[in-house]
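Next comes structure.cif, with mmCIF, C-alpha atoms.
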data_model
#
loop_
_atom_site.group_PDB
_atom_site.id
_atom_site.type_symbol
_atom_site.label_atom_id
_atom_site.label_comp_id
_atom_site.auth_asym_id
_atom_site.auth_seq_id
_atom_site.Cartn_x
_atom_site.Cartn_y
_atom_site.Cartn_z
ATOM 1 C CA MET A 15 -9.250 -26.276 -8.413
ATOM 2 C CA LYS A 16 -5.511 -26.174 -7.865
ATOM 3 C CA PHE A 17 -3.621 -23.160 -6.534
ATOM 4 C CA GLY A 18 0.093 -22.513 -6.924
ATOM 5 C CA VAL A 19 1.932 -20.222 -4.519
ATOM 6 C CA ILE A 20 5.191 -18.798 -5.858
ATOM 7 C CA VAL A 21 8.069 -18.782 -3.383
ATOM 8 C CA PHE A 22 10.747 -16.151 -3.980
ATOM 9 C CA PRO A 23 13.789 -15.822 -1.745
ATOM 10 C CA GLY A 24 12.427 -13.353 0.802
ATOM 11 C CA SER A 25 8.724 -14.194 0.434
ATOM 12 C CA ASN A 26 7.186 -14.326 3.901
ATOM 13 C CA CYS A 27 3.454 -14.676 3.273
ATOM 14 C CA ASP A 28 3.796 -17.797 1.148
ATOM 15 C CA HIS A 29 2.691 -20.038 4.023
ATOM 16 C CA ASP A 30 -0.236 -17.737 4.819
ATOM 17 C CA ALA A 31 -1.402 -17.874 1.194
ATOM 18 C CA PHE A 32 -0.908 -21.653 1.121
ATOM 19 C CA TYR A 33 -2.940 -22.034 4.316
ATOM 20 C CA ALA A 34 -5.731 -19.768 3.070
ATOM 21 C CA ALA A 35 -6.094 -21.693 -0.207
ATOM 22 C CA SER A 36 -5.560 -25.198 1.166
ATOM 23 C CA HIS A 37 -6.994 -25.185 4.684
ATOM 24 C CA ASN A 38 -9.473 -22.331 4.702
ATOM 25 C CA LEU A 39 -10.725 -22.703 1.133
ATOM 26 C CA GLY A 40 -10.084 -26.458 1.059
ATOM 27 C CA GLN A 41 -8.438 -26.665 -2.362
ATOM 28 C CA PRO A 42 -5.278 -28.501 -3.467
ATOM 29 C CA THR A 43 -2.355 -26.093 -3.299
ATOM 30 C CA GLU A 44 1.342 -26.368 -4.028
ATOM 31 C CA TYR A 45 4.414 -24.206 -3.709
ATOM 32 C CA ILE A 46 6.285 -23.201 -6.865
ATOM 33 C CA TRP A 47 9.954 -22.294 -6.434
ATOM 34 C CA HIS A 48 11.180 -19.086 -8.066
ATOM 35 C CA ASP A 49 13.590 -20.829 -10.429
ATOM 36 C CA SER A 50 10.923 -23.132 -11.913
ATOM 37 C CA ARG A 51 10.308 -22.590 -15.565
ATOM 38 C CA SER A 52 6.821 -24.045 -15.455
ATOM 39 C CA LEU A 53 3.758 -23.635 -13.235
ATOM 40 C CA GLY A 54 2.605 -27.223 -13.758
ATOM 41 C CA ASP A 55 -1.146 -27.820 -13.875
ATOM 42 C CA VAL A 56 -2.351 -25.090 -11.539
ATOM 43 C CA ASP A 57 -5.573 -23.175 -12.249
ATOM 44 C CA ALA A 58 -4.435 -20.045 -10.434
ATOM 45 C CA VAL A 59 -1.178 -18.667 -9.155
ATOM 46 C CA ILE A 60 -0.577 -16.434 -6.136
ATOM 47 C CA LEU A 61 2.443 -14.121 -5.804
ATOM 48 C CA PRO A 62 2.626 -13.720 -2.042
ATOM 49 C CA GLY A 63 3.723 -10.887 0.189
ATOM 50 C CA GLY A 64 7.204 -10.459 1.580
ATOM 51 C CA PHE A 65 10.456 -8.919 0.450
ATOM 52 C CA ALA A 66 11.461 -10.869 -2.649
ATOM 53 C CA TYR A 67 15.219 -10.590 -3.217
ATOM 54 C CA GLY A 68 15.366 -8.259 -0.227
ATOM 55 C CA ASP A 69 13.442 -5.563 -2.120
ATOM 56 C CA TYR A 70 16.857 -4.563 -3.483
ATOM 57 C CA LEU A 71 16.910 -1.916 -6.216
ATOM 58 C CA ARG A 72 13.123 -1.428 -5.957
ATOM 59 C CA CYS A 73 10.383 -3.646 -4.546
ATOM 60 C CA GLY A 74 9.791 -6.398 -7.085
ATOM 61 C CA ALA A 75 12.475 -5.160 -9.473
ATOM 62 C CA ILE A 76 14.719 -8.225 -9.208
ATOM 63 C CA ALA A 77 11.927 -10.766 -8.715
ATOM 64 C CA ARG A 78 10.536 -9.668 -12.043
ATOM 65 C CA PHE A 79 13.544 -11.248 -13.799
ATOM 66 C CA SER A 80 13.373 -14.615 -12.001
ATOM 67 C CA PRO A 81 12.730 -17.641 -14.244
ATOM 68 C CA VAL A 82 9.281 -18.352 -12.820
ATOM 69 C CA MET A 83 8.067 -14.923 -13.923
ATOM 70 C CA GLN A 84 8.387 -15.926 -17.574
ATOM 71 C CA ALA A 85 6.052 -18.815 -16.820
ATOM 72 C CA VAL A 86 3.711 -16.410 -14.987
ATOM 73 C CA GLN A 87 3.748 -14.070 -18.018
ATOM 74 C CA ARG A 88 2.777 -16.944 -20.325
ATOM 75 C CA PHE A 89 0.135 -18.196 -17.888
ATOM 76 C CA ALA A 90 -1.393 -14.711 -17.657
ATOM 77 C CA ALA A 91 -1.317 -14.288 -21.450
ATOM 78 C CA GLU A 92 -3.237 -17.562 -21.769
ATOM 79 C CA GLY A 93 -5.909 -16.288 -19.391
ATOM 80 C CA GLY A 94 -4.750 -17.994 -16.176
ATOM 81 C CA LEU A 95 -5.693 -16.316 -12.890
ATOM 82 C CA VAL A 96 -2.813 -14.438 -11.264
ATOM 83 C CA LEU A 97 -3.232 -12.822 -7.833
ATOM 84 C CA GLY A 98 -0.451 -10.618 -6.474
ATOM 85 C CA ILE A 99 -0.709 -9.654 -2.822
ATOM 86 C CA CYS A 100 1.408 -6.828 -1.373
ATOM 87 C CA ASN A 101 4.952 -7.618 -2.582
ATOM 88 C CA GLY A 102 3.249 -9.787 -5.218
ATOM 89 C CA PHE A 103 1.405 -6.675 -6.449
ATOM 90 C CA GLN A 104 4.724 -4.791 -6.550
ATOM 91 C CA ILE A 105 6.225 -7.598 -8.647
ATOM 92 C CA LEU A 106 3.260 -7.555 -11.072
ATOM 93 C CA VAL A 107 3.608 -3.813 -11.737
ATOM 94 C CA GLU A 108 7.386 -4.126 -12.165
ATOM 95 C CA ALA A 109 6.772 -6.975 -14.614
ATOM 96 C CA GLY A 110 4.331 -4.841 -16.576
ATOM 97 C CA LEU A 111 1.421 -7.220 -15.986
ATOM 98 C CA LEU A 112 -0.398 -4.359 -14.270
ATOM 99 C CA PRO A 113 -0.011 -0.611 -14.902
ATOM 100 C CA GLY A 114 1.447 1.985 -12.540
ATOM 101 C CA ALA A 115 3.877 1.652 -9.661
ATOM 102 C CA LEU A 116 3.955 1.361 -5.878
ATOM 103 C CA ILE A 117 6.058 3.978 -4.165
ATOM 104 C CA ARG A 118 7.023 4.918 -0.628
ATOM 105 C CA ASN A 119 4.061 5.551 1.696
ATOM 106 C CA ARG A 120 3.259 9.253 1.876
ATOM 107 C CA GLY A 121 4.001 9.282 5.621
ATOM 108 C CA LEU A 122 7.270 7.339 5.094
ATOM 109 C CA LYS A 123 6.329 4.794 7.765
ATOM 110 C CA PHE A 124 5.858 1.089 7.346
ATOM 111 C CA ILE A 125 2.203 0.555 8.262
ATOM 112 C CA CYS A 126 0.963 -2.724 9.735
ATOM 113 C CA ARG A 127 -2.674 -2.647 10.801
ATOM 114 C CA GLU A 128 -6.190 -3.618 9.878
ATOM 115 C CA LEU A 129 -8.212 -1.250 7.743
ATOM 116 C CA ARG A 130 -11.367 -1.068 5.694
ATOM 117 C CA LEU A 131 -11.700 -1.363 1.925
ATOM 118 C CA ARG A 132 -14.631 -1.005 -0.370
ATOM 119 C CA VAL A 133 -15.229 -3.504 -3.159
ATOM 120 C CA ALA A 134 -15.176 -1.294 -6.252
ATOM 121 C CA THR A 135 -16.204 -3.916 -8.790
ATOM 122 C CA THR A 136 -17.606 -7.414 -8.633
ATOM 123 C CA HIS A 137 -17.016 -7.890 -12.342
ATOM 124 C CA SER A 138 -13.862 -9.992 -11.981
ATOM 125 C CA PRO A 139 -12.812 -13.536 -11.121
ATOM 126 C CA PHE A 140 -11.338 -12.203 -7.851
ATOM 127 C CA THR A 141 -14.351 -10.271 -6.598
ATOM 128 C CA GLY A 142 -17.309 -12.064 -8.188
ATOM 129 C CA ALA A 143 -18.452 -13.613 -4.903
ATOM 130 C CA LEU A 144 -18.397 -10.233 -3.118
ATOM 131 C CA HIS A 145 -21.011 -7.493 -3.252
ATOM 132 C CA GLU A 146 -20.581 -4.134 -4.959
ATOM 133 C CA GLY A 147 -19.826 -1.568 -2.266
ATOM 134 C CA GLN A 148 -19.188 -4.248 0.368
ATOM 135 C CA VAL A 149 -16.741 -3.131 3.044
ATOM 136 C CA LEU A 150 -13.985 -5.613 3.940
ATOM 137 C CA ARG A 151 -11.721 -5.524 6.986
ATOM 138 C CA LEU A 152 -8.238 -6.623 5.911
ATOM 139 C CA PRO A 153 -4.744 -5.978 7.243
ATOM 140 C CA ILE A 154 -2.042 -4.077 5.406
ATOM 141 C CA ALA A 155 1.694 -4.386 6.079
ATOM 142 C CA HIS A 156 3.832 -2.322 3.743
ATOM 143 C CA GLY A 157 6.266 0.561 3.420
ATOM 144 C CA GLU A 158 5.858 1.030 -0.340
ATOM 145 C CA GLY A 159 2.141 0.818 -0.959
ATOM 146 C CA CYS A 160 1.311 4.206 -2.393
ATOM 147 C CA TYR A 161 -0.253 3.472 -5.766
ATOM 148 C CA PHE A 162 0.948 5.837 -8.472
ATOM 149 C CA ALA A 163 0.087 6.124 -12.148
ATOM 150 C CA GLU A 164 -0.198 8.973 -14.615
ATOM 151 C CA PRO A 165 -3.647 10.635 -14.708
ATOM 152 C CA ARG A 166 -4.342 9.109 -18.124
ATOM 153 C CA THR A 167 -3.729 5.605 -16.768
ATOM 154 C CA LEU A 168 -5.900 6.287 -13.724
ATOM 155 C CA ASP A 169 -8.724 7.527 -15.967
ATOM 156 C CA GLU A 170 -8.383 4.420 -18.095
ATOM 157 C CA LEU A 171 -8.506 2.120 -15.048
ATOM 158 C CA GLU A 172 -11.698 3.809 -13.883
ATOM 159 C CA ALA A 173 -13.312 3.944 -17.328
ATOM 160 C CA GLU A 174 -12.664 0.217 -17.789
ATOM 161 C CA ASP A 175 -13.948 -0.656 -14.293
ATOM 162 C CA ARG A 176 -10.528 -2.028 -13.345
ATOM 163 C CA VAL A 177 -10.247 -0.660 -9.810
ATOM 164 C CA ALA A 178 -11.005 -3.697 -7.647
ATOM 165 C CA PHE A 179 -10.714 -2.170 -4.158
ATOM 166 C CA ARG A 180 -10.474 1.314 -2.670
ATOM 167 C CA TYR A 181 -9.370 2.340 0.808
ATOM 168 C CA LEU A 182 -12.009 3.954 3.002
ATOM 169 C CA ASP A 183 -9.301 5.763 4.979
ATOM 170 C CA ASN A 184 -6.364 6.015 2.602
ATOM 171 C CA PRO A 185 -3.326 5.048 4.729
ATOM 172 C CA ASN A 186 -0.485 5.575 2.274
ATOM 173 C CA GLY A 187 -1.336 8.315 -0.206
ATOM 174 C CA SER A 188 -2.454 5.983 -3.002
ATOM 175 C CA LEU A 189 -3.893 8.020 -5.863
ATOM 176 C CA ARG A 190 -7.688 7.883 -6.006
ATOM 177 C CA ASP A 191 -7.627 5.633 -2.903
ATOM 178 C CA ILE A 192 -6.680 2.644 -5.057
ATOM 179 C CA ALA A 193 -5.906 -0.520 -3.076
ATOM 180 C CA GLY A 194 -6.199 -3.092 -5.858
ATOM 181 C CA ILE A 195 -6.458 -3.165 -9.652
ATOM 182 C CA LEU A 196 -7.217 -5.562 -12.490
ATOM 183 C CA SER A 197 -5.514 -6.175 -15.816
ATOM 184 C CA ARG A 198 -7.338 -5.267 -19.003
ATOM 185 C CA GLU A 199 -8.374 -8.908 -19.490
ATOM 186 C CA ARG A 200 -9.375 -9.002 -15.791
ATOM 187 C CA ASN A 201 -7.456 -12.254 -15.097
ATOM 188 C CA VAL A 202 -4.618 -10.558 -13.189
ATOM 189 C CA MET A 203 -5.224 -8.693 -9.942
ATOM 190 C CA GLY A 204 -2.830 -6.954 -7.589
ATOM 191 C CA MET A 205 -3.762 -5.644 -4.154
ATOM 192 C CA MET A 206 -1.758 -4.228 -1.260
ATOM 193 C CA PRO A 207 -4.018 -5.482 1.597
ATOM 194 C CA HIS A 208 -3.704 -9.114 2.664
ATOM 195 C CA PRO A 209 -6.834 -11.233 2.096
ATOM 196 C CA GLU A 210 -4.936 -14.382 3.117
ATOM 197 C CA ARG A 211 -4.244 -12.920 6.557
ATOM 198 C CA ALA A 212 -7.973 -12.471 7.115
ATOM 199 C CA SER A 213 -9.349 -15.770 5.867
ATOM 200 C CA ASP A 214 -10.570 -17.369 9.091
ATOM 201 C CA PRO A 215 -12.598 -15.956 12.026
ATOM 202 C CA LEU A 216 -9.705 -16.933 14.329
ATOM 203 C CA MET A 217 -7.587 -14.322 12.540
ATOM 204 C CA GLY A 218 -9.977 -11.551 13.569
ATOM 205 C CA SER A 219 -11.585 -11.293 10.148
ATOM 206 C CA ALA A 220 -12.572 -13.798 7.492
ATOM 207 C CA ASP A 221 -13.439 -11.101 4.942
ATOM 208 C CA GLY A 222 -10.450 -11.985 2.759
ATOM 209 C CA LEU A 223 -11.724 -15.500 2.111
ATOM 210 C CA GLY A 224 -14.207 -13.962 -0.355
ATOM 211 C CA VAL A 225 -11.346 -13.265 -2.766
ATOM 212 C CA PHE A 226 -10.348 -16.939 -2.797
ATOM 213 C CA GLN A 227 -14.000 -18.065 -2.980
ATOM 214 C CA SER A 228 -14.456 -15.774 -5.979
ATOM 215 C CA MET A 229 -11.466 -17.379 -7.722
ATOM 216 C CA LEU A 230 -12.811 -20.863 -6.996
ATOM 217 C CA ALA A 231 -16.252 -19.963 -8.335
ATOM 218 C CA ALA A 232 -14.730 -18.420 -11.479
ATOM 219 C CA VAL A 233 -12.583 -21.485 -12.212
ATOM 220 C CA GLU A 234 -15.438 -23.914 -11.524
ATOM 221 C CA ALA A 235 -17.775 -21.910 -13.767
ATOM 222 C CA ALA A 236 -15.227 -21.986 -16.591
ATOM 223 C CA ARG A 237 -14.916 -25.770 -16.575
ATOM 224 C CA PRO A 238 -16.374 -27.187 -19.803
ATOM 225 C CA VAL A 239 -18.517 -29.904 -18.204
ATOM 226 C CA ALA A 240 -19.487 -29.522 -14.574
ATOM 227 C CA GLY A 241 -18.814 -32.516 -12.406
ATOM 228 C CA VAL A 242 -16.597 -34.343 -14.891
ATOM 229 C CA ARG A 243 -12.923 -34.330 -13.963
ATOM 230 C CA PRO A 244 -10.155 -36.308 -15.556
ATOM 231 C CA MET B 30 35.863 2.347 -18.369
ATOM 232 C CA LYS B 31 33.340 3.337 -15.775
ATOM 233 C CA ALA B 32 29.768 4.509 -16.012
ATOM 234 C CA ARG B 33 27.613 6.300 -13.500
ATOM 235 C CA VAL B 34 23.831 6.153 -13.682
ATOM 236 C CA PHE B 35 21.739 8.649 -11.704
ATOM 237 C CA VAL B 36 18.173 7.643 -10.918
ATOM 238 C CA SER B 37 15.580 9.916 -9.323
ATOM 239 C CA LEU B 38 11.821 10.160 -9.053
ATOM 240 C CA LYS B 39 10.149 12.157 -11.822
ATOM 241 C CA THR B 40 9.170 15.634 -10.731
ATOM 242 C CA THR B 41 5.510 14.638 -11.048
ATOM 243 C CA VAL B 42 5.972 11.917 -8.409
ATOM 244 C CA LEU B 43 5.778 12.808 -4.719
ATOM 245 C CA ASP B 44 9.155 12.358 -2.967
ATOM 246 C CA PRO B 45 8.339 12.124 0.750
ATOM 247 C CA GLN B 46 11.984 11.428 1.666
ATOM 248 C CA GLY B 47 13.159 14.587 -0.052
ATOM 249 C CA LYS B 48 10.389 16.567 1.640
ATOM 250 C CA THR B 49 11.406 15.214 5.043
ATOM 251 C CA VAL B 50 15.048 16.136 4.450
ATOM 252 C CA ARG B 51 13.978 19.640 3.405
ATOM 253 C CA ALA B 52 11.869 20.030 6.557
ATOM 254 C CA ALA B 53 14.838 18.911 8.682
ATOM 255 C CA LEU B 54 17.174 21.382 6.959
ATOM 256 C CA GLN B 55 14.734 24.222 7.526
ATOM 257 C CA GLY B 56 14.553 23.166 11.177
ATOM 258 C CA LEU B 57 18.352 23.299 11.348
ATOM 259 C CA GLY B 58 18.290 26.927 10.278
ATOM 260 C CA TYR B 59 18.591 26.797 6.495
ATOM 261 C CA PRO B 60 15.407 28.586 5.440
ATOM 262 C CA ALA B 61 16.852 29.183 1.971
ATOM 263 C CA ILE B 62 16.586 25.482 1.137
ATOM 264 C CA GLU B 63 13.402 25.472 -0.897
ATOM 265 C CA ASP B 64 13.287 21.902 -2.138
ATOM 266 C CA VAL B 65 15.198 18.606 -1.911
ATOM 267 C CA ARG B 66 14.742 15.642 -4.232
ATOM 268 C CA GLN B 67 16.374 12.384 -3.208
ATOM 269 C CA GLY B 68 17.785 9.888 -5.692
ATOM 270 C CA LYS B 69 20.496 7.274 -6.062
ATOM 271 C CA PHE B 70 23.374 6.463 -8.342
ATOM 272 C CA PHE B 71 25.130 3.348 -9.578
ATOM 273 C CA ASP B 72 28.859 3.140 -10.302
ATOM 274 C CA ILE B 73 29.420 0.526 -12.962
ATOM 275 C CA ALA B 74 32.780 -0.877 -14.067
ATOM 276 C CA ILE B 75 32.982 -2.019 -17.685
ATOM 277 C CA ALA B 76 35.570 -4.501 -18.992
ATOM 278 C CA SER B 77 38.330 -3.097 -21.169
ATOM 279 C CA GLY B 78 37.925 -3.711 -24.889
ATOM 280 C CA VAL B 79 34.342 -2.468 -24.997
ATOM 281 C CA THR B 80 33.976 0.561 -27.241
ATOM 282 C CA ARG B 81 32.571 3.780 -25.827
ATOM 283 C CA GLU B 82 29.624 3.601 -28.207
ATOM 284 C CA GLN B 83 28.780 0.028 -27.229
ATOM 285 C CA ALA B 84 29.158 0.851 -23.516
ATOM 286 C CA ARG B 85 26.809 3.825 -23.794
ATOM 287 C CA LYS B 86 24.255 1.759 -25.695
ATOM 288 C CA ASP B 87 24.352 -1.078 -23.149
ATOM 289 C CA ILE B 88 24.238 1.180 -20.109
ATOM 290 C CA GLU B 89 21.311 3.153 -21.538
ATOM 291 C CA THR B 90 19.428 -0.121 -22.027
ATOM 292 C CA ILE B 91 20.336 -1.327 -18.528
ATOM 293 C CA ALA B 92 19.284 1.995 -16.990
ATOM 294 C CA HIS B 93 15.949 1.944 -18.798
ATOM 295 C CA ASP B 94 15.108 -1.734 -18.293
ATOM 296 C CA VAL B 95 16.554 -2.478 -14.859
ATOM 297 C CA LEU B 96 18.029 0.372 -12.809
ATOM 298 C CA ALA B 97 15.116 2.758 -13.243
ATOM 299 C CA ASN B 98 11.384 2.191 -13.423
ATOM 300 C CA PRO B 99 10.333 4.580 -16.200
ATOM 301 C CA VAL B 100 6.802 4.751 -14.787
ATOM 302 C CA ILE B 101 8.043 6.779 -11.808
ATOM 303 C CA GLU B 102 11.733 7.492 -12.350
ATOM 304 C CA GLU B 103 14.060 9.314 -14.725
ATOM 305 C CA TYR B 104 17.732 8.546 -15.231
ATOM 306 C CA ARG B 105 20.916 10.024 -16.623
ATOM 307 C CA VAL B 106 23.982 8.111 -17.833
ATOM 308 C CA GLU B 107 27.540 9.434 -17.572
ATOM 309 C CA LEU B 108 30.563 7.656 -18.999
ATOM 310 C CA LEU B 109 33.777 8.208 -17.017
ATOM 311 C CA ASP B 110 37.287 7.235 -18.097
#
Is it possible to express this structure as structure tokens?
Amino acid sequence: MKFGVIVFPGSNCDHDAFYAASHNLGQPTEYIWHDSRSLGDVDAVILPGGFAYGDYLRCGAIARFSPVMQAVQRFAAEGGLVLGICNGFQILVEAGLLPGALIRNRGLKFICRELRLRVATTHSPFTGALHEGQVLRLPIAHGEGCYFAEPRTLDELEAEDRVAFRYLDNPNGSLRDIAGILSRERNVMGMMPHPERASDPLMGSADGLGVFQSMLAAVEAARPVAGVRP
Amino acid sequence: MKARVFVSLKTTVLDPQGKTVRAALQGLGYPAIEDVRQGKFFDIAIASGVTREQARKDIETIAHDVLANPVIEEYRVELLD
């Protein structure tokens, strides 16, 4: 399986995501520059954390218009796996690939610490290798991580089993404790916590590796003939 | 021609910055200040030769698609001469 990590000007978790996919998961991984118009032959793409385009205007608002995002839109429409982490999640909601918005933390402070999340569904390519109700320890690092959507959208997300993770101790005011959500087709996921920063025991937690292992398992399972590669 | 676009959070969206400003004002001895909502505005210069109708149409589109996020924000466009 091949991962692509998008690099926007201002991304700062691109190396972490690259390391998680390549070193800790052991899969071929490449960087994709923000002005590329193609994603090449990757099986999954990661929009990493950071401050793309300085978070000017709104978080993710400018990144959404970068050339690579058109390729990401096409890739997602064709069923490709797209994972947005932190700023990547903000970009996905700005781009309309996921519903809702991420607004200023309720307490106004930038919060950088480890916390606990509950896996809300295992019915997705990003959580399939986890257990329903499993509690993960992952770090967060954001100032605009309060998930907001209209009540109707929230009801829809819950009715369609599209909430991927919920906070155990909601740090930022996110509605219904939502920490991560899935697209309707379940091939796009955005989450504020950082699984890539907790993907090796040396980092204090390896709980985040399960997200990448889930993606690997989903891609391998979807291959037409197991064991035969061009 | 110039345009000014005001962008603010919808009233249904929590505005913690506005709330903090209100709390500070009450602390400063302005108990009559009941609520503060914080927003931003954009001053936009438009090249001469563009009609007022075209300018309004373009700025409305820009406000909706770029300057504001309609999921959480509302906006208002003013054309200034």
Exercise for the section: Convert the output of the PyMOL selection byres ((chain B) within 7 of (chain A)) on the shown file into explicit residues, formatted as a list in words. Expected result: Pro45, Val100 and Ile101 of chain B
Practice task
Using the chain letters and numbers from the file, give me the residues hit by the PyMOL selection byres ((chain A and resi 56-70) around 6), as an MDAnalysis selection string.
Solution key: chainID A and resid 16:20 22:28 54:55 71:73 95:102
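Take CA of Arg198 in chain A and CA of Phe179 in chain A: the distance between them is 15.5 Å.
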Handout entry: Selection: 7 Å around range 66-70 of chain B, only C-alpha atoms, excl. self and same-chain fewer than 6 positions, as an NGL selection string
Key = :B and (33-38 or 44 or 46-47)
Generate a file of the selected residues that holds C-alpha atoms, formatted as a CSV table (one decimal), keeping the file's coordinate frame.
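part_38.csv, freshly written:
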chain,number,residue,atom,x,y,z
B,33,ARG,CA,27.6,6.3,-13.5
B,34,VAL,CA,23.8,6.2,-13.7
B,35,PHE,CA,21.7,8.6,-11.7
B,36,VAL,CA,18.2,7.6,-10.9
B,37,SER,CA,15.6,9.9,-9.3
B,38,LEU,CA,11.8,10.2,-9.1
B,44,ASP,CA,9.2,12.4,-3.0
B,46,GLN,CA,12.0,11.4,1.7
B,47,GLY,CA,13.2,14.6,-0.1
Work out where the centre of an axis-aligned box around every listed atom of range 116-126 of chain A lies and how long its edges are once 4 Å is added on each side; give both in Å to one decimal as AutoDock Vina command-line options.
--center_x 4.1 --center_y 3.3 --center_z 1.9 --size_x 14.3 --size_y 20.0 --size_z 23.6
Practice task
Using only C-alpha atoms, pick whichever of B:Glu63, B:Glu89, B:Asp110, B:Glu103 has the shortest atom-to-atom distance to Ala76 in chain B.
Solution key: B:Asp110
If the PyMOL selection byres ((chain B and resi 51) around 8) is run on the structure shown, which residues does it catch, given as a compact mmCIF listing (two decimals) with C-alpha atoms, in the frame of the given file?
# COMPACT_ATOMS: atom_id res chain seq x y z
CA GLY B 47 13.16 14.59 -0.05
CA LYS B 48 10.39 16.57 1.64
CA THR B 49 11.41 15.21 5.04
CA VAL B 50 15.05 16.14 4.45
CA ALA B 52 11.87 20.03 6.56
CA ALA B 53 14.84 18.91 8.68
CA LEU B 54 17.17 21.38 6.96
CA GLN B 55 14.73 24.22 7.53
CA ILE B 62 16.59 25.48 1.14
CA GLU B 63 13.40 25.47 -0.90
CA ASP B 64 13.29 21.90 -2.14
CA VAL B 65 15.20 18.61 -1.91
Problem - Residues within 10 Å of Ala155 in chain A, only C-alpha atoms, excluding chain neighbours under 3 positions, as a count of residues only - result: 14
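Our summary of the geometry notes that CA of Leu196 in chain A is positioned 9.1 Å from CA of Phe140 in chain A.
Proximity of B:Ala84, B:Val42, B:Leu57, B:Ala32 to Arg105 in chain B, computed with only C-alpha atoms, is greatest for B:Ala32.
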Fill in the blank from the handout: Students should find that CA of Leu112 in chain A and CA of Leu168 in chain A are spaced 12.0 Å
Reconstructed range 69-74 of chain A, atom set all heavy atoms, as a PDB file, in the coordinates of the input:
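Output contents, as saved in result-v8.pdb:
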ATOM      1  N   ASP A  69      13.926  -6.859  -1.613  1.00  0.00           N
ATOM      2  CA  ASP A  69      13.442  -5.563  -2.120  1.00  0.00           C
ATOM      3  C   ASP A  69      14.590  -4.708  -2.662  1.00  0.00           C
ATOM      4  O   ASP A  69      14.452  -3.485  -2.787  1.00  0.00           O
ATOM      5  CB  ASP A  69      12.695  -4.761  -1.037  1.00  0.00           C
ATOM      6  CG  ASP A  69      11.213  -5.140  -0.956  1.00  0.00           C
ATOM      7  OD1 ASP A  69      10.765  -5.952  -1.781  1.00  0.00           O
ATOM      8  OD2 ASP A  69      10.521  -4.610  -0.073  1.00  0.00           O
ATOM      9  N   TYR A  70      15.719  -5.328  -2.980  1.00  0.00           N
ATOM     10  CA  TYR A  70      16.857  -4.563  -3.483  1.00  0.00           C
ATOM     11  C   TYR A  70      16.508  -3.874  -4.790  1.00  0.00           C
ATOM     12  O   TYR A  70      15.692  -4.367  -5.565  1.00  0.00           O
ATOM     13  CB  TYR A  70      18.089  -5.470  -3.686  1.00  0.00           C
ATOM     14  CG  TYR A  70      18.646  -6.028  -2.402  1.00  0.00           C
ATOM     15  CD1 TYR A  70      19.429  -7.163  -2.399  1.00  0.00           C
ATOM     16  CD2 TYR A  70      18.365  -5.420  -1.175  1.00  0.00           C
ATOM     17  CE1 TYR A  70      19.942  -7.683  -1.219  1.00  0.00           C
ATOM     18  CE2 TYR A  70      18.868  -5.929   0.003  1.00  0.00           C
ATOM     19  CZ  TYR A  70      19.652  -7.063  -0.013  1.00  0.00           C
ATOM     20  OH  TYR A  70      20.139  -7.566   1.152  1.00  0.00           O
ATOM     21  N   LEU A  71      17.128  -2.768  -5.034  1.00  0.00           N
ATOM     22  CA  LEU A  71      16.910  -1.916  -6.216  1.00  0.00           C
ATOM     23  C   LEU A  71      15.575  -1.191  -6.097  1.00  0.00           C
ATOM     24  O   LEU A  71      15.550   0.014  -5.902  1.00  0.00           O
ATOM     25  CB  LEU A  71      17.019  -2.718  -7.521  1.00  0.00           C
ATOM     26  CG  LEU A  71      17.093  -1.916  -8.805  1.00  0.00           C
ATOM     27  CD1 LEU A  71      18.243  -0.943  -8.795  1.00  0.00           C
ATOM     28  CD2 LEU A  71      17.208  -2.871  -9.998  1.00  0.00           C
ATOM     29  N   ARG A  72      14.476  -1.911  -6.241  1.00  0.00           N
ATOM     30  CA  ARG A  72      13.123  -1.428  -5.957  1.00  0.00           C
ATOM     31  C   ARG A  72      12.326  -2.667  -5.596  1.00  0.00           C
ATOM     32  O   ARG A  72      12.678  -3.767  -6.003  1.00  0.00           O
ATOM     33  CB  ARG A  72      12.458  -0.785  -7.191  1.00  0.00           C
ATOM     34  CG  ARG A  72      13.042   0.504  -7.706  1.00  0.00           C
ATOM     35  CD  ARG A  72      12.293   0.964  -8.959  1.00  0.00           C
ATOM     36  NE  ARG A  72      12.234  -0.081  -9.985  1.00  0.00           N
ATOM     37  CZ  ARG A  72      13.204  -0.350 -10.847  1.00  0.00           C
ATOM     38  NH1 ARG A  72      14.318   0.353 -10.849  1.00  0.00           N
ATOM     39  NH2 ARG A  72      13.079  -1.324 -11.728  1.00  0.00           N
ATOM     40  N   CYS A  73      11.210  -2.486  -4.888  1.00  0.00           N
ATOM     41  CA  CYS A  73      10.383  -3.646  -4.546  1.00  0.00           C
ATOM     42  C   CYS A  73       9.945  -4.346  -5.832  1.00  0.00           C
ATOM     43  O   CYS A  73       9.370  -3.710  -6.707  1.00  0.00           O
ATOM     44  CB  CYS A  73       9.139  -3.208  -3.784  1.00  0.00           C
ATOM     45  SG  CYS A  73       9.504  -2.234  -2.331  1.00  0.00           S
ATOM     46  N   GLY A  74      10.244  -5.623  -5.926  1.00  0.00           N
ATOM     47  CA  GLY A  74       9.791  -6.398  -7.085  1.00  0.00           C
ATOM     48  C   GLY A  74      10.681  -6.302  -8.304  1.00  0.00           C
ATOM     49  O   GLY A  74      10.473  -7.026  -9.283  1.00  0.00           O
TER      50      GLY A  74
END
